[in-house]
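For reference, the structure is listed below as structure tokens.
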Amino acid sequence: MTNVVEFKRVTKSFKNFSLKDVSFSIKKGYVTGFIGANGAGKSTTIKLLMNLLRKESGEITIFGLDQDKHNQAIKERIGFVYDENCFYETLSIRELRKIIAPMYQNWNDDIFYKYIDQFQLPEKQVIKSFSKGMKMKMAISFAISHDPEFIIMDEPTSGLDPVFRREILELLHDIMLDEQKTIFFSTHITTDLDRIADYITYIHGGRILFSKERDELLSEYGIVKGSTDLLDSDIEKEFVSIRKTNVGFEALTSDVKKSKEIFGHEVLIEKPTLDDIMYYTNKGELTCTH
Amino acid sequence: MYSLILKDYLMLKRMLLLIVVIIAFFHILQNPPTLAISMAGIFFISSIGSFEDRSNSHIMLNSLPLNRKNIISSKYVGALIFGVFAVIMSVIFQAVFYFVFHIYDHPFPEVKHLFIGMLCILLFTSIYFPILYKFGEKYTRIVTMFLVIAVIAFGQIMMYVLKDQVYEIQQFLSQFTVNQLIFAGGLIIAIIYLVSWFCTIKIYEAKDF
């Protein structure tokens with residue numbers, strides 16, 4: 001299986017925040033969901049990926065090419081959608097197309113106008129007057145009209161209503177029918193990923209905690225529920241983190257098998273959601289396990 | 001490159017119209033074309049920079065298949081194109097006012113005036129872009145103001161220091177014809193322009209967005 005992106009020990013520091021030794025890869029032909037709390041480093045990672053930030057150390061390759069040496073060739077093959085509108089607000093879609101289309105060798109007007117029609121976007125109206133949803137639809141139209149192999153989306157669903165979110169996820173689903181395409185999708189709404197993500201990469205406090213296949217992740221992790229009498233300090237170490245209540249405890253394990261061996265039938269083990277994994281990991285500050 | 005320049009002109013199409021009116025206005029008042037051209041240039045170049053900073057567009061531009069070098073070069077080439085545009089406008093207006101309204105003594109402005117106007121645009125561009133890309137729009141005004149004050153202060157100090165040499169300096173300059181001096185000035189400004197272009201590329205390449 002080939003990787004579209006490889007991060008190797010990438011470091012970037014700011015005044016109050018830093019990405020430390022970030023290493024992970026994005027598999028070709030799959031949707032990778034990139035999750036993490038607000039401020040965990042999702043946008044910074046995406047900006048490094050897009051070469052908007054200068055890394056301090058480490059190596060980033062995209063399509064097997066060095067990011068700095070082949071910047072232009074790489075960007076030809078990438079479509080991007082960001083959380084905030086970054087297009088010129090005083091221009092119309094028609095004018096923006098005039099500017100952006102000639103920059104891509106593979107630009108296809110048929111695809112572009114297909115989406116503009118489908119999304120019912122007004123071509124001559126200035127972008128400033130668009131709603132957030134319309135701006136997002138426009139950004140997606142621009143992102144996919146040059147038939148990119150790799151699509152990067154930074155929080156494309158945040159701030160959108162549920163109907164609209166579903167629409168966008170369906171669109172991504174359609175794009176993924178073409179098995180050559182790869183999507184990297186950051187979000188803090190983990191339920192979005194239930195529908196489409198094959199892989200999950202989790203970032204926390206500037207470090208990648210894991211990057212795994214979603215099904216594998218959900219089968220390895222488990223929520224263990226039982227009576228607090230069962231716990232002692234050694235057993236507590238087996239968990240990612242524990243939440244104790246009056247009636248018992250709830251904990252996240254990253255090794256369901258082992259938990260079963262330890263507790264047998266004395267506890268209830270449930271499948272976790274991605275939210276559970278995020279919540280307990282945040283709580284427990286797990287160290288790096290790839 | 002073509003798209004990038006086109007973008008600047010599309011963004012500022014209304015501004016361009018206003019600039020044409022300003023150039024016309026200067027000509028109605030029979031001002032020398034140098035003033036009209038350089039004012040129009042300062043107006044246009046500072047707008048080219050500020051809308052880019054205001055609209056968060058560095059992120060978009062740098063996500064498109066463009067090199068940072070080309071993004072900056074497009075600004076410098078755009079400024080040159082604008083200079084030519086302002087010169088042409090100036091020539092047209094003087095001709096129109098001469099033939100239609102019979103103001104002005106000559107149908108066309110003197111080449112040397114046009115040339116100096118163009119040099120003013122280039123000089124302003126060379127100072128403005130490195131500051132803009134280094135400090136961002138917010139601080140550019142403050143930095144530019146300090147720079148102007150510094151230049152004035154420097155001039156005052158030089159006047160004071162060189163007050164005994166004024167005669168020699170006049171003597172020295174009077175050896176040359178006006179055209180020679182303009183040519184020398186042009187050469188110096190051309191070099192400043194190229195150095196500024198190169199520095200702004202370096203500044204932009206090191207930037208985080």
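A note on labels: chains of the structure tokens are A, B, ... as shown, every chain counts residues from 1, and ligands are counted from 1 in their shown order.
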- Find the residues around B:Tyr128 up to 9 Å (only C-alpha atoms counted), leave out those fewer than 2 positions away in its own chain, and share them as an MDAnalysis selection string. chainID B and resid 45:46 49 123:126 130:133 140 144
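Residue neighbourhood of stretch 92-109 of chain A, excluding near-sequence residues (fewer than 4 positions): Glu76, Tyr88, Tyr113, Pro122, Glu123, Lys124, Gln125, Val126, Ile127, Met138, Ser145, His146 and Asp147 of chain A; Ser3, Leu4, Leu6, Lys7, Leu10, Leu64, Pro65 and Leu66 of chain B, at 8 Å, using only C-alpha atoms.
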Keeping only N, CA and C atoms, take the residues you just selected and write them out as a PDB file, in the first residue's frame.
```pdb
ATOM      1  N   GLU A  76      -0.464  21.041  -7.959  1.00  0.00           N
ATOM      2  CA  GLU A  76      -1.282  20.727  -9.136  1.00  0.00           C
ATOM      3  C   GLU A  76      -2.206  19.547  -8.858  1.00  0.00           C
ATOM      4  N   TYR A  88     -11.063  35.724  -2.489  1.00  0.00           N
ATOM      5  CA  TYR A  88     -11.315  37.160  -2.470  1.00  0.00           C
ATOM      6  C   TYR A  88     -12.806  37.421  -2.391  1.00  0.00           C
ATOM      7  N   TYR A 113     -18.660  23.546 -13.742  1.00  0.00           N
ATOM      8  CA  TYR A 113     -20.030  24.045 -13.906  1.00  0.00           C
ATOM      9  C   TYR A 113     -21.074  23.022 -13.482  1.00  0.00           C
ATOM     10  N   PRO A 122     -24.877  31.231  -7.389  1.00  0.00           N
ATOM     11  CA  PRO A 122     -24.977  32.337  -8.351  1.00  0.00           C
ATOM     12  C   PRO A 122     -23.580  32.734  -8.830  1.00  0.00           C
ATOM     13  N   GLU A 123     -23.436  32.767 -10.151  1.00  0.00           N
ATOM     14  CA  GLU A 123     -22.104  32.955 -10.716  1.00  0.00           C
ATOM     15  C   GLU A 123     -21.618  34.400 -10.667  1.00  0.00           C
ATOM     16  N   LYS A 124     -22.573  35.325 -10.702  1.00  0.00           N
ATOM     17  CA  LYS A 124     -22.152  36.723 -10.847  1.00  0.00           C
ATOM     18  C   LYS A 124     -22.195  37.513  -9.550  1.00  0.00           C
ATOM     19  N   GLN A 125     -22.672  36.882  -8.508  1.00  0.00           N
ATOM     20  CA  GLN A 125     -22.806  37.587  -7.235  1.00  0.00           C
ATOM     21  C   GLN A 125     -21.467  37.586  -6.492  1.00  0.00           C
ATOM     22  N   VAL A 126     -21.175  38.675  -5.780  1.00  0.00           N
ATOM     23  CA  VAL A 126     -19.895  38.667  -5.048  1.00  0.00           C
ATOM     24  C   VAL A 126     -19.961  37.708  -3.863  1.00  0.00           C
ATOM     25  N   ILE A 127     -18.799  37.124  -3.573  1.00  0.00           N
ATOM     26  CA  ILE A 127     -18.725  36.056  -2.580  1.00  0.00           C
ATOM     27  C   ILE A 127     -19.068  36.559  -1.179  1.00  0.00           C
ATOM     28  N   MET A 138     -18.789  26.476  -2.707  1.00  0.00           N
ATOM     29  CA  MET A 138     -17.936  27.084  -3.729  1.00  0.00           C
ATOM     30  C   MET A 138     -16.499  26.577  -3.588  1.00  0.00           C
ATOM     31  N   SER A 145     -12.359  20.632  -9.242  1.00  0.00           N
ATOM     32  CA  SER A 145     -12.519  20.778 -10.696  1.00  0.00           C
ATOM     33  C   SER A 145     -11.238  20.552 -11.492  1.00  0.00           C
ATOM     34  N   HIS A 146     -10.129  20.372 -10.826  1.00  0.00           N
ATOM     35  CA  HIS A 146      -8.916  20.032 -11.587  1.00  0.00           C
ATOM     36  C   HIS A 146      -8.579  18.563 -11.375  1.00  0.00           C
ATOM     37  N   ASP A 147      -9.587  17.810 -10.958  1.00  0.00           N
ATOM     38  CA  ASP A 147      -9.454  16.365 -10.811  1.00  0.00           C
ATOM     39  C   ASP A 147      -8.240  15.985  -9.947  1.00  0.00           C
TER      40      ASP A 147
ATOM     41  N   SER B   3      -2.211  35.093 -14.698  1.00  0.00           N
ATOM     42  CA  SER B   3      -3.403  35.033 -13.845  1.00  0.00           C
ATOM     43  C   SER B   3      -3.260  35.923 -12.630  1.00  0.00           C
ATOM     44  N   LEU B   4      -2.055  35.925 -12.062  1.00  0.00           N
ATOM     45  CA  LEU B   4      -1.817  36.702 -10.842  1.00  0.00           C
ATOM     46  C   LEU B   4      -1.952  38.196 -11.109  1.00  0.00           C
ATOM     47  N   LEU B   6      -3.617  39.512 -13.667  1.00  0.00           N
ATOM     48  CA  LEU B   6      -5.025  39.714 -14.006  1.00  0.00           C
ATOM     49  C   LEU B   6      -5.849  39.882 -12.730  1.00  0.00           C
ATOM     50  N   LYS B   7      -5.523  39.056 -11.734  1.00  0.00           N
ATOM     51  CA  LYS B   7      -6.241  39.096 -10.462  1.00  0.00           C
ATOM     52  C   LYS B   7      -6.155  40.482  -9.824  1.00  0.00           C
ATOM     53  N   LEU B  10      -8.331  42.814 -11.731  1.00  0.00           N
ATOM     54  CA  LEU B  10      -9.761  42.536 -11.521  1.00  0.00           C
ATOM     55  C   LEU B  10     -10.213  43.055 -10.160  1.00  0.00           C
ATOM     56  N   LEU B  64      -2.488  27.199  -4.003  1.00  0.00           N
ATOM     57  CA  LEU B  64      -2.608  26.956  -5.451  1.00  0.00           C
ATOM     58  C   LEU B  64      -1.230  26.566  -6.000  1.00  0.00           C
ATOM     59  N   PRO B  65      -1.201  25.982  -7.189  1.00  0.00           N
ATOM     60  CA  PRO B  65       0.113  25.607  -7.728  1.00  0.00           C
ATOM     61  C   PRO B  65       0.932  26.820  -8.169  1.00  0.00           C
ATOM     62  N   LEU B  66       1.381  27.573  -7.195  1.00  0.00           N
ATOM     63  CA  LEU B  66       2.177  28.768  -7.484  1.00  0.00           C
ATOM     64  C   LEU B  66       3.393  28.737  -6.586  1.00  0.00           C
TER      65      LEU B  66
END
```
- Task: List the neighbours of A:Glu266 out to 9 Å using only C-alpha atoms; skip same-chain residues closer than 3 positions along the sequence, and give me the result as an MDAnalysis selection string.
- Result: chainID A and resid 226:227 230 263
Return as JSON lines the residues of chain A lying at most 6 Å from chain B, together with the closest atom-to-atom pair for each and the distance in Å to one decimal, counting only C-alpha atoms, with rows in chain order and ascending residue number.
```
{"residue": "A:Leu52", "atom": "CA", "partner": "B:Phe209", "partner_atom": "CA", "distance": 5.4}
{"residue": "A:Leu53", "atom": "CA", "partner": "B:Asp208", "partner_atom": "CA", "distance": 4.5}
{"residue": "A:Gln72", "atom": "CA", "partner": "B:Pro65", "partner_atom": "CA", "distance": 4.6}
{"residue": "A:Lys75", "atom": "CA", "partner": "B:Pro65", "partner_atom": "CA", "distance": 4.6}
{"residue": "A:Glu76", "atom": "CA", "partner": "B:Pro65", "partner_atom": "CA", "distance": 5.3}
{"residue": "A:Cys86", "atom": "CA", "partner": "B:Ser57", "partner_atom": "CA", "distance": 5.4}
{"residue": "A:Ile99", "atom": "CA", "partner": "B:Ser3", "partner_atom": "CA", "distance": 5.2}
```
Got a sec: who's within 9 Å of B:Gln30, counting only C-alpha atoms, leaving out chain neighbours fewer than 6 positions off, as a short mmCIF file (atom, residue, chain, number, x, y, z; two decimals) with C-alpha atoms, in the first residue's frame?
```
data_model
loop_
_atom_site.label_atom_id
_atom_site.label_comp_id
_atom_site.auth_asym_id
_atom_site.auth_seq_id
_atom_site.Cartn_x
_atom_site.Cartn_y
_atom_site.Cartn_z
CA GLN B 94 -2.69 66.00 -22.27
CA ILE B 103 -5.19 74.21 -22.54
CA TYR B 104 -1.47 73.27 -22.37
#
```
- Residues near A:Lys244, cut-off 8 Å, only C-alpha atoms, skip fewer than 5 positions along chain, as a ChimeraX atom specification: /A:228,249-250
Excluding same-chain residues fewer than 4 positions from stretch 109-120 of chain B, what lies within 7 Å of it counting only C-alpha atoms, as a compact mmCIF listing (two decimals) with all heavy atoms, in the first residue's frame?
```
# COMPACT_ATOMS: atom_id res chain seq x y z
N PRO B 33 2.73 66.19 -15.71
CA PRO B 33 2.32 64.79 -15.68
C PRO B 33 3.05 63.99 -14.60
O PRO B 33 2.51 63.00 -14.11
CB PRO B 33 2.68 64.27 -17.07
CG PRO B 33 3.57 65.28 -17.67
CD PRO B 33 3.27 66.58 -17.01
N THR B 34 4.24 64.42 -14.21
CA THR B 34 4.99 63.69 -13.18
C THR B 34 4.15 63.50 -11.93
O THR B 34 4.08 62.42 -11.35
CB THR B 34 6.26 64.49 -12.80
OG1 THR B 34 6.91 64.84 -13.99
CG2 THR B 34 7.17 63.67 -11.93
N LEU B 35 3.48 64.59 -11.54
CA LEU B 35 2.70 64.56 -10.32
C LEU B 35 1.53 63.57 -10.45
O LEU B 35 1.29 62.73 -9.59
CB LEU B 35 2.18 65.96 -10.02
CG LEU B 35 1.68 66.20 -8.62
CD1 LEU B 35 2.80 65.96 -7.62
CD2 LEU B 35 1.16 67.62 -8.48
N ILE B 37 1.17 61.05 -12.51
CA ILE B 37 1.60 59.66 -12.64
C ILE B 37 2.04 59.12 -11.29
O ILE B 37 1.64 58.03 -10.88
CB ILE B 37 2.76 59.54 -13.67
CG1 ILE B 37 2.24 59.89 -15.07
CG2 ILE B 37 3.36 58.14 -13.65
CD1 ILE B 37 3.33 60.03 -16.10
N SER B 38 2.83 59.91 -10.55
CA SER B 38 3.33 59.35 -9.29
C SER B 38 2.23 59.23 -8.25
O SER B 38 2.18 58.26 -7.50
CB SER B 38 4.53 60.14 -8.76
OG SER B 38 4.29 61.50 -8.86
N GLY B 83 2.75 51.45 -14.25
CA GLY B 83 3.52 52.64 -14.61
C GLY B 83 3.31 53.00 -16.09
O GLY B 83 3.03 54.15 -16.43
N VAL B 87 1.46 56.32 -17.63
CA VAL B 87 2.14 57.19 -18.62
C VAL B 87 1.25 57.37 -19.85
O VAL B 87 1.04 58.49 -20.34
CB VAL B 87 3.51 56.58 -19.01
CG1 VAL B 87 4.04 57.23 -20.28
CG2 VAL B 87 4.50 56.74 -17.86
N VAL B 91 -0.38 60.84 -21.33
CA VAL B 91 -0.18 61.34 -22.70
C VAL B 91 -1.53 61.59 -23.36
O VAL B 91 -1.76 62.64 -23.97
CB VAL B 91 0.63 60.30 -23.53
CG1 VAL B 91 0.67 60.70 -24.99
CG2 VAL B 91 2.04 60.18 -22.96
N GLN B 94 -3.28 64.72 -21.86
CA GLN B 94 -2.69 66.00 -22.27
C GLN B 94 -3.07 66.32 -23.73
O GLN B 94 -3.42 67.44 -24.05
CB GLN B 94 -1.17 65.99 -22.11
CG GLN B 94 -0.56 67.33 -22.53
CD GLN B 94 0.70 67.68 -21.75
OE1 GLN B 94 0.99 67.09 -20.72
NE2 GLN B 94 1.43 68.66 -22.24
N PHE B 124 8.67 54.16 -5.11
CA PHE B 124 7.67 53.88 -4.08
C PHE B 124 7.47 52.36 -3.93
O PHE B 124 7.44 51.83 -2.82
CB PHE B 124 6.33 54.55 -4.43
CG PHE B 124 5.25 54.23 -3.43
CD1 PHE B 124 5.25 54.82 -2.18
CD2 PHE B 124 4.25 53.32 -3.73
CE1 PHE B 124 4.27 54.50 -1.23
CE2 PHE B 124 3.27 52.99 -2.79
CZ PHE B 124 3.28 53.59 -1.54
N GLY B 186 17.76 57.33 -12.87
CA GLY B 186 17.00 56.18 -13.39
C GLY B 186 17.76 54.89 -13.12
O GLY B 186 17.18 53.88 -12.69
N ILE B 189 17.66 54.02 -9.42
CA ILE B 189 16.33 53.52 -9.01
C ILE B 189 16.09 52.12 -9.58
O ILE B 189 15.52 51.25 -8.91
CB ILE B 189 15.22 54.52 -9.39
CG1 ILE B 189 15.33 55.72 -8.45
CG2 ILE B 189 13.84 53.88 -9.28
CD1 ILE B 189 14.42 56.87 -8.78
```
- In Å, how far is it from atom CA of A:Asp229 to atom CA of A:Lys260? 16.6 Å
Residues within 8 Å of A:Ser25, only C-alpha atoms, excluding chain neighbours under 3 positions, as a PDB file with C-alpha atoms, in the first residue's frame:
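Now in part34.pdb:
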```pdb
ATOM      1  CA  ASN A   3       1.460   6.484   1.030  1.00  0.00           C
ATOM      2  CA  VAL A   4       0.409   9.786  -0.465  1.00  0.00           C
ATOM      3  CA  VAL A   5       1.892  11.743   2.414  1.00  0.00           C
ATOM      4  CA  GLU A   6       4.685  11.012   4.813  1.00  0.00           C
ATOM      5  CA  PHE A   7       5.579  13.151   7.792  1.00  0.00           C
ATOM      6  CA  SER A 211      -2.803   6.674  13.220  1.00  0.00           C
TER       7      SER A 211
END
```
- Could you please write out, as number ranges by chain, every residue of stretch 88-242 of chain A that DSSP assigns to strand (DSSP E)? A: 150-154, 182-187, 199-204, 207-213, 222-226, 241-242
- Task: Output as a list in words all residues of stretch 23-79 of chain A that backbone DSSP marks as helix (DSSP H, G or I).
- Result: Lys42, Ser43, Thr44, Thr45, Ile46, Lys47, Leu48, Leu49, Asn71, Gln72, Ala73, Ile74, Lys75 and Glu76 of chain A
Put those residues in a file: C-alpha atoms, as a compact mmCIF listing (two decimals), in the first residue's frame.
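This went into selection-v8.txt:
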```txt
# COMPACT_ATOMS: atom_id res chain seq x y z
CA LYS A 42 -4.87 19.99 13.38
CA SER A 43 -4.69 23.23 11.45
CA THR A 44 -0.96 23.55 12.04
CA THR A 45 -0.42 20.07 10.63
CA ILE A 46 -2.55 20.87 7.60
CA LYS A 47 -0.71 24.13 7.05
CA LEU A 48 2.60 22.29 7.19
CA LEU A 49 1.22 19.77 4.74
CA ASN A 71 5.93 22.65 -4.47
CA GLN A 72 4.19 23.58 -7.71
CA ALA A 73 3.96 20.05 -9.13
CA ILE A 74 2.52 18.79 -5.85
CA LYS A 75 -0.10 21.52 -5.60
CA GLU A 76 -1.28 20.73 -9.14
```
- Message: As an exercise, work out the distance from atom CA of A:Gly29 to atom CA of A:Asp117 in Å and give it to one decimal place.
- Response: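 Going from atom CA of A:Gly29 over to atom CA of A:Asp117 covers 27.6 Å.
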- Message: Let me make sure I understand: among A:Ser141, A:Phe184, A:Asp192, A:Leu252, which one has the smallest atom-to-atom distance to A:Arg165 if we use only C-alpha atoms?
- Response: A:Asp192
- Message: Between atom CA of A:Asp174 and atom CA of A:Thr61, what is the distance in Å, rounded to a tenth?
- Response: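 Separation between atom CA of A:Asp174 and atom CA of A:Thr61: 27.0 Å.
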